[in-house]
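Participant: Pasting a structure below so you can have a look.
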Amino acid sequence: MQESTKSRLTVFSRLWAIPMVLCVLLCVAAVIAGMNGRTHWMGLSVLGTVLMVLILLAQLVAAVVIRRWWCLAGSILGLAVSVFVILSSIVAMAAGQYPSPLAHDSNEVDSLVTLSDDTVSFSLADEQMSCNIVALEPYTEVGQAVGEWLSKHLGNKYTGDMTDMQALVGFYGRNLVDSLHGIYAEGVPDYAELSYDAYMENVFETDKVVTYSLTITIDFGGAHPSTQEWGATFCKDDGSLLTWDIVRSDCQPRLQDLLREMLKGYFNVKNDSELMEYLQGVEDLANIPLPVNPPYMTVEGFTLIYQQYEIAAYAMGMPGDVIAYDRLEPWLTERAKGLIPEDYSFPVAFQGKSPSISDFLMAIANMEDPGELLIYMKEQWKEYRQGHPYKGQYTVDVSHGYLRYDHEVLNDGKRTGTTEFCCWTCDDGRHCLVAMASNFYDEGVAIDNQFSGISFFLYNKETRRMMLLPSHYFFVREPAINSLVSYTLPVTGKDIIATANDPEKGECKFVYVWNGQRFNLGEE
């Protein structure tokens with residue numbers, strides 16, 4: 001070999017550290033570009049890395065040719081380091097296809113737990129996920145049992161004081177945020193919006209019991225979100241939770257007949273063979289599994305509900321129904337019978353197939369102790385129906401289930417008032433919702449009046465009776481705003497508009513959107 005050629009190869013083989021360092025830098029650049037979605041820069045970095053590896057291979061060949069063993073050792077070392085860095089970079093880029101989880105320290109998460117009146121809330125959202133938990137501070141007598149029940153359905157990992165609702169909600173807030181970020185880091189489709197929402201409500205209460213519901217909606221990036229609806233009734237005297245033990249042991253077999261009847265009604269089928277087509281995991285209709293969620297008390301009776309996938313396919317929803325108290329009462333233990341509330345429903349008189357909005361007005365005005373406003377409206381209604389002069393103005397739209405009474409003008413024409421009624425059929429086909437809203441104004445500005453506000457009545461088509469229910473039963477709560485709220489009922493449609501004049505924000509409008517059984521609050 002000529003001396004000049006050998007000399008050049010010697011110099012070339014000694015420069016192995018240069019391509020090795022460049023190879024490392026280019027690999028790091030490729031990883032950074034890949035994690036930030038810069039595909040073009042990543043491609044150039046990968047191409048440069050390949051060229052540097054080829055140069056290292058050429059240096060290795062040169063060192064072998066000139067037999068400079070220390071150059072050979074250096075080239076092998078450089079090549080080994082470069083290959084190691086490349087393999088590590090490939091792993092890093094695979095893990096870096098999605099942005100790394102956002103870090104939220106524990107102090108920041110704890111600060112997101114808020115207490116307003118009796119409501120404890122946790123809320124956190126970023127570009128990767130959202131997590132919301134809304135819980136209620138329970139009565140002291142049932143605090144331990146309610147905390148255990150809530151913790152069980154949120155993950156059953158909390159081991160602290162079950163009566164400390166703020167600590168419990170904060171713990172699951174941190175835990176769920178970490179879980180959602182972990183799922184995001186593992187890789188989810190671009191369209192996925194990871195979320196966890198848990199809302200606790202007081203749906204029924206007497207002097208003996210209180211019933212809470214918990215609705216959990218989860219979206220972990222799968223084909224569809226999942227929803228769980230849990231309910232639990234707690235006895236105020238000892239904090240105990242009602243279970244299936246409220247049914248006497250000798251009456252347990254009768255539950256099978258009740259479940260078959262309930263499921264046939266839910267799926268709208270007539271016989272056992274048709275029912276079996278809808279059920280999953282049930283081999284014998286004489287042994288239908290009881291719902292995992294025990295029966296819980298509501299206004300009209302005991303509610304039975306199966307969760308999604310518990311007994312039927314996802315598309316079938318959550319099979320269940322409300323079983324009237326008088327239907328279950330003969331099967332109950334003596335203690336459970338003593339918890340059944342008094343019947344505060346009242347009859348609705350009507351002619352024809354179903355009551356009209358006018359029939360609902362008269363039924364409400366005739367109930368026990370309806371109040372001065374309804375008594376006055378009843379008097380004017382009689383005069384209106386008989387064609388006599390009356391005070392105020394009635395507007396009735398029977399076809400749309402809407403009725404409005406404009407009160408007579410008071411205070412030199414400055415003070416006015418309206419009372420509206422509307423009704424529609426619930427999605428279960430067995431109930432009608434009747435809403436009543438009264439608003440009073442002074443020169444067009446809403447004022448606080450003893451009769452102002454909104455009320456709801458639920459009419460049962462089977463019993464032909466209706467009852468007054470608290471607004472939160474239908475998830476209607478006043479918006480968190482520093483102003484008097486007035487409500488406008490729909491002439492058509494099923495959404496209720498709430499209007500407020502906030503000193504800071506000006507006029508704000510909120511809409512309560514009917515979902516078939518209750519309302520969801522949104523902002524216009």
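Naming works like this for the structure tokens: A, B, ... for the chains as they're shown, residue 1 at the start of each chain, ligands 1 onward in shown order.
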From a DSSP calculation on the backbone, collect every residue of region 83-289 of chain A in strand (DSSP E) and output the set as a VMD selection string.

Facilitator: chain A and resid 113 to 116 119 to 125 129 to 136 194 to 205 209 to 219 226 to 235

Participant: Fewer than 2 positions away in the same chain doesn't count, so skip those; otherwise give me all residues within 7 Å of Ala312 (chain A), counting only C-alpha atoms, as an MDAnalysis selection string.

Facilitator: chainID A and resid 278:280 309:310 314 316

Participant: Compile the contact shell of region 299-303 of chain A as number ranges by chain: residues with an atom at most 9 Å away, counting only C-alpha atoms, same-chain residues fewer than 3 positions apart removed.

Facilitator: A: 203-205, 231, 294-296, 320-328, 340-341, 343, 467, 469

Participant: Write out as a list in words the residues lying within 7 Å of region 437-447 of chain A, counting only C-alpha atoms and excluding same-chain residues fewer than 4 positions away.

Facilitator: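 What passes the distance filter is Lys414, Arg415, Thr416, Gly417, Thr418, Thr419, Glu420, Phe421, Phe451, Ser452, Gly453, Ile454, Ser455, Ser486 and Tyr487 of chain A.
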
Participant: Just to be explicit: take each residue in the selection above, keep C-alpha atoms, and write the result as a compact mmCIF listing (two decimals), in the first residue's frame.

Facilitator:
# COMPACT_ATOMS: atom_id res chain seq x y z
CA LYS A 414 -95.14 49.42 37.58
CA ARG A 415 -95.42 46.05 39.28
CA THR A 416 -96.46 42.98 37.29
CA GLY A 417 -96.25 39.24 37.62
CA THR A 418 -96.68 36.03 35.66
CA THR A 419 -97.30 32.43 36.61
CA GLU A 420 -96.69 29.76 33.97
CA PHE A 421 -97.50 26.06 33.76
CA PHE A 451 -94.33 33.38 45.52
CA SER A 452 -91.33 33.68 43.15
CA GLY A 453 -89.60 30.53 42.01
CA ILE A 454 -90.12 27.25 40.20
CA SER A 455 -91.89 24.07 41.31
CA SER A 486 -86.31 34.15 37.11
CA TYR A 487 -87.56 31.17 35.10

Participant: For Ser123 (chain A), find every residue with an atom within 7 Å (counting only C-alpha atoms), except residues of its own chain fewer than 2 positions away, and show them as a VMD selection string.

Facilitator: chain A and resid 112 121 125 131 to 133

Participant: Would you please work out which residue, of A:Pro289, A:Ser345, A:Ser483, A:Asp495, is nearest to Cys508 (chain A) when using only C-alpha atoms?

Facilitator: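 Nearest to Cys508 (chain A): A:Ser483.
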
Participant: If you count only C-alpha atoms, which residues fall within 12 Å of Asp250 (chain A), apart from same-chain ones fewer than 6 positions away, as a PyMOL selection string?

Facilitator: chain A and resi 330-333

Participant: Enter the distance from CA of Tyr402 (chain A) to CA of Asn501 (chain A), in Å, rounded to one decimal.

Facilitator: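 One can read the CA of Tyr402 (chain A) to CA of Asn501 (chain A) distance as 26.1 Å.
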
Participant: Just the number, please: distance in Å from CA of Gly338 (chain A) to CA of Leu304 (chain A), one decimal.

Facilitator: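 Between CA of Gly338 (chain A) and CA of Leu304 (chain A) the gap is 19.7 Å.
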
Participant: Please produce, as a Markdown table, a per-residue contact table for region 391-487 of chain A versus region 502-507 of chain A (criterion: any atom at most 10 Å away, only C-alpha atoms considered), showing the nearest atom pair and its distance in Å to one decimal, sorted by chain then residue number.

Facilitator:
| residue | atom | partner | partner_atom | distance |
| --- | --- | --- | --- | --- |
| A:Ile481 | CA | A:Asp502 | CA | 6.7 |
| A:Asn482 | CA | A:Asp502 | CA | 5.8 |
| A:Ser483 | CA | A:Asp502 | CA | 5.2 |
| A:Leu484 | CA | A:Asp502 | CA | 8.2 |
| A:Val485 | CA | A:Asp502 | CA | 9.5 |

Participant: Just the selected residues (N, CA and C atoms), exported as a PDB file, in the first residue's frame, please.

Facilitator:
ATOM      1  N   ILE A 481     -74.682  32.251  40.870  1.00  0.00           N
ATOM      2  CA  ILE A 481     -74.586  33.634  40.407  1.00  0.00           C
ATOM      3  C   ILE A 481     -75.198  34.534  41.462  1.00  0.00           C
ATOM      4  N   ASN A 482     -74.631  35.717  41.624  1.00  0.00           N
ATOM      5  CA  ASN A 482     -75.036  36.629  42.683  1.00  0.00           C
ATOM      6  C   ASN A 482     -76.200  37.504  42.220  1.00  0.00           C
ATOM      7  N   SER A 483     -77.350  36.876  42.008  1.00  0.00           N
ATOM      8  CA  SER A 483     -78.500  37.628  41.520  1.00  0.00           C
ATOM      9  C   SER A 483     -79.748  36.776  41.638  1.00  0.00           C
ATOM     10  N   LEU A 484     -80.889  37.471  41.671  1.00  0.00           N
ATOM     11  CA  LEU A 484     -82.170  36.779  41.651  1.00  0.00           C
ATOM     12  C   LEU A 484     -82.376  36.119  40.295  1.00  0.00           C
ATOM     13  N   VAL A 485     -82.847  34.897  40.295  1.00  0.00           N
ATOM     14  CA  VAL A 485     -83.052  34.142  39.055  1.00  0.00           C
ATOM     15  C   VAL A 485     -84.542  34.036  38.766  1.00  0.00           C
TER      16      VAL A 485
END

Participant: Tell me which protein, DNA and RNA residues are within 12 Å of Asp117 (chain A), counting only C-alpha atoms, leaving out same-chain ones fewer than 6 positions away, and put them as a PyMOL selection string.

Facilitator: chain A and resi 135-138+480

Participant: For all heavy atoms, I'd like the residues from the last selection saved as a PDB file, in the first residue's frame.

Facilitator:
ATOM      1  N   ALA A 135     -69.568  16.027  45.343  1.00  0.00           N
ATOM      2  CA  ALA A 135     -70.128  15.224  46.422  1.00  0.00           C
ATOM      3  C   ALA A 135     -70.834  16.130  47.420  1.00  0.00           C
ATOM      4  O   ALA A 135     -70.637  17.351  47.421  1.00  0.00           O
ATOM      5  CB  ALA A 135     -69.027  14.421  47.120  1.00  0.00           C
ATOM      6  N   LEU A 136     -71.665  15.551  48.251  1.00  0.00           N
ATOM      7  CA  LEU A 136     -72.414  16.307  49.255  1.00  0.00           C
ATOM      8  C   LEU A 136     -71.925  15.965  50.645  1.00  0.00           C
ATOM      9  O   LEU A 136     -71.573  14.817  50.932  1.00  0.00           O
ATOM     10  CB  LEU A 136     -73.915  15.991  49.152  1.00  0.00           C
ATOM     11  CG  LEU A 136     -74.593  16.293  47.815  1.00  0.00           C
ATOM     12  CD1 LEU A 136     -76.064  15.906  47.885  1.00  0.00           C
ATOM     13  CD2 LEU A 136     -74.458  17.759  47.457  1.00  0.00           C
ATOM     14  N   GLU A 137     -71.896  16.973  51.496  1.00  0.00           N
ATOM     15  CA  GLU A 137     -71.606  16.735  52.900  1.00  0.00           C
ATOM     16  C   GLU A 137     -72.828  16.064  53.530  1.00  0.00           C
ATOM     17  O   GLU A 137     -73.889  16.675  53.622  1.00  0.00           O
ATOM     18  CB  GLU A 137     -71.307  18.052  53.617  1.00  0.00           C
ATOM     19  CG  GLU A 137     -69.973  18.677  53.253  1.00  0.00           C
ATOM     20  CD  GLU A 137     -68.827  18.075  54.060  1.00  0.00           C
ATOM     21  OE1 GLU A 137     -69.034  17.033  54.713  1.00  0.00           O
ATOM     22  OE2 GLU A 137     -67.733  18.648  54.028  1.00  0.00           O
ATOM     23  N   PRO A 138     -72.727  14.813  53.955  1.00  0.00           N
ATOM     24  CA  PRO A 138     -73.907  14.115  54.493  1.00  0.00           C
ATOM     25  C   PRO A 138     -74.186  14.524  55.936  1.00  0.00           C
ATOM     26  O   PRO A 138     -73.372  15.178  56.586  1.00  0.00           O
ATOM     27  CB  PRO A 138     -73.494  12.643  54.410  1.00  0.00           C
ATOM     28  CG  PRO A 138     -72.006  12.674  54.580  1.00  0.00           C
ATOM     29  CD  PRO A 138     -71.532  13.946  53.923  1.00  0.00           C
ATOM     30  N   ALA A 480     -74.810  29.290  40.046  1.00  0.00           N
ATOM     31  CA  ALA A 480     -73.966  29.956  41.038  1.00  0.00           C
ATOM     32  C   ALA A 480     -73.716  31.389  40.583  1.00  0.00           C
ATOM     33  O   ALA A 480     -72.703  31.713  39.960  1.00  0.00           O
ATOM     34  CB  ALA A 480     -72.649  29.198  41.193  1.00  0.00           C
TER      35      ALA A 480
END

Participant: Return the single residue from A:Ile305, A:Val120, A:Leu176, A:Val50 that is closest to Leu22 (chain A), with distances computed using only C-alpha atoms.

Facilitator: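 Selected residue with least distance to Leu22 (chain A): A:Val50.
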